[in-house]
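This report refers to the structure that appears directly beneath it.
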Amino acid sequence: MNENLEKIYIIQPITRENAHHYRVLQEEAVALIESADAVYAGTIYQTVREINAATFIGAGKLSELNEILDGLEGVTVLFNGELTPSQTLNISAALGDRKVIDRTTLILDIFAKNAKSSEGKLQVELAQLKYIYPRLKGKGAALSRLGGGVGTRGPGETQLETDRRYIRGRIRYLEGRLKETEKRRALQTARRKKEEVKTIALVGYTNTGKSTLLNALTGAETYVKNELFATLDPTARTFFVDGVPFLLVDTVGFLQDLPHNLIEAFKSTLESALNCDLALVVCDATGEYDMQLQTTLQTLKDMAFSSPYLVVMNKSEGIRDNSAFPYGSICISAKEKLGLDGLRREILRRFKEEYLFCELFVPYAKVEDYTQKKRFLTEKKVEYAYEGQTVIATIPARYGNLFEGYIKKLL
């Protein structure tokens with residue numbers, strides 16, 4: 001263990017709302033801590049029947065935690081839920097002024113660590129400032145005294161020491177910058193629709209293998225790492241299925257209880273999912289796939305998503321019985337490149353009505369006319385004979401009438 005890494009101890013509340021999945025939430029918190037380049041130091045559980053307005057959990061449990069942490073220097077406490085500004089300060093005071101963060105602060109820290117594009121960095125800073133702003137009320141100095149480390153990446157540490165007026169101005173500036181990027185993204189989306197390129201979005205729980213799948217389908221070499229929110233900025237690559245071009249877009253992953261303000265902050269990035277022609281909802285076949293699927297679908301529903309989707313069960317190598325998987329789902333292994341042909345066939349089937357897969361015969365006397373129209377189709381194979389050329393092609397259905405005289409048969 002690297003002694004220089006920040007150590008984080010978890011408070012895991014058990015409430016009526018999370019009673020059935022608090023263990024999963026705790027496991028996710030451990031993974032989040034590791035993704036933030038910190039070290040997991042332990043967990044204390046507390047059943048909460050009635051929320052304490054001052055500290056969320058009771059004084060007795062805080063006293064017990066204080067004894068556990070007594071003598072341990074530099075241990076940060078993570079409350080695995082969302083705290084109000086006053087609750088954060090009160091818990092910190094009860095624990096001898098230890099640094100206290102909540103789940104949102106930790107996720108924002110990982111976002112700040114992984115944002116690479118200028119748009120991603122703008123979105124992270126905006127989300128952080130909106131989260132920090134109400135926490136400056138009254139005791140801004142008390143927050144800044146908690147020091148550096150997890151939860152202070154990006155603008156956090158410096159912005160806590162600035163006045164609220166500056167933060168309001170910075171928020172307005174960032175919102176303006178992001179509106180400009182949204183306009184550019186809308187133009188790109190309109191251009192793709194005009195060019196007849198269908199967009200497929202990879203959506204789903206974080207760390208289910210979306211980036212690995214993008215690489216497997218497109219031959220790209222995008223960043224892949226076994227940690228939560230490794231991919232923050234959207235990545236788009238083109239790939240072909242039977243001559244039909246598709247644009248595949250990887251998006252930021254979802255998580256249980258992902259705070260609404262974080263979803264809102266990344267809404268412009270997630271527009272690629274909202275405006276897609278088909279979404280591939282990627283689940284981990286070896287994990288809590290039903291929870292992953294429901295979380296993803298609920299998040300998309302909250303964003304007014306209405307596009308068709310296909311459930312993809314990734315990491316399914318070695319699983320013999322898939323009868324419990326969602327009906328109609330496709331089983332693959334992106335890492336081992338298994339089941340990808342079946343996925344491609346299903347993608348194409350979803351767009352079957354929009355394309356004609358056919359064999360054309362073009363007499364040499366008609367080659368000039370055919371050449372002028374050729375830009376409306378995709379040739380897969382061309383064979384030359386004495387009287388003309390035979391072409392295996394894919395034609396968007398809307399242009400089928402242009403080639404009526406050439407279509408020999410549909411395939």
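FYI, nothing fancy with the structure tokens labels: chains A, B, ... in order, residues from 1 per chain, ligands from 1 as they appear.
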(message) Which residues are near region 330-338 of chain A? Cut-off 7 Å, only C-alpha atoms, ignore same chain within fewer than 3 positions. Put them as JSON, numbers by chain.
(response) {"A": [212, 213, 216, 311, 312, 313, 314, 315, 316, 317, 343]}
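Between CA of Val203 (chain A) and CA of Val281 (chain A) there is a distance of 5.0 Å.
Atom to atom, CA of Ala53 (chain A) and CA of Ile33 (chain A) stand 26.5 Å apart.
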(request) Could you give me, as a ChimeraX atom specification, the residues within 8 Å of Val241 (chain A), counting only C-alpha atoms and dropping anything in the same chain fewer than 3 positions from it? (result) /A:244-246,344-345,348
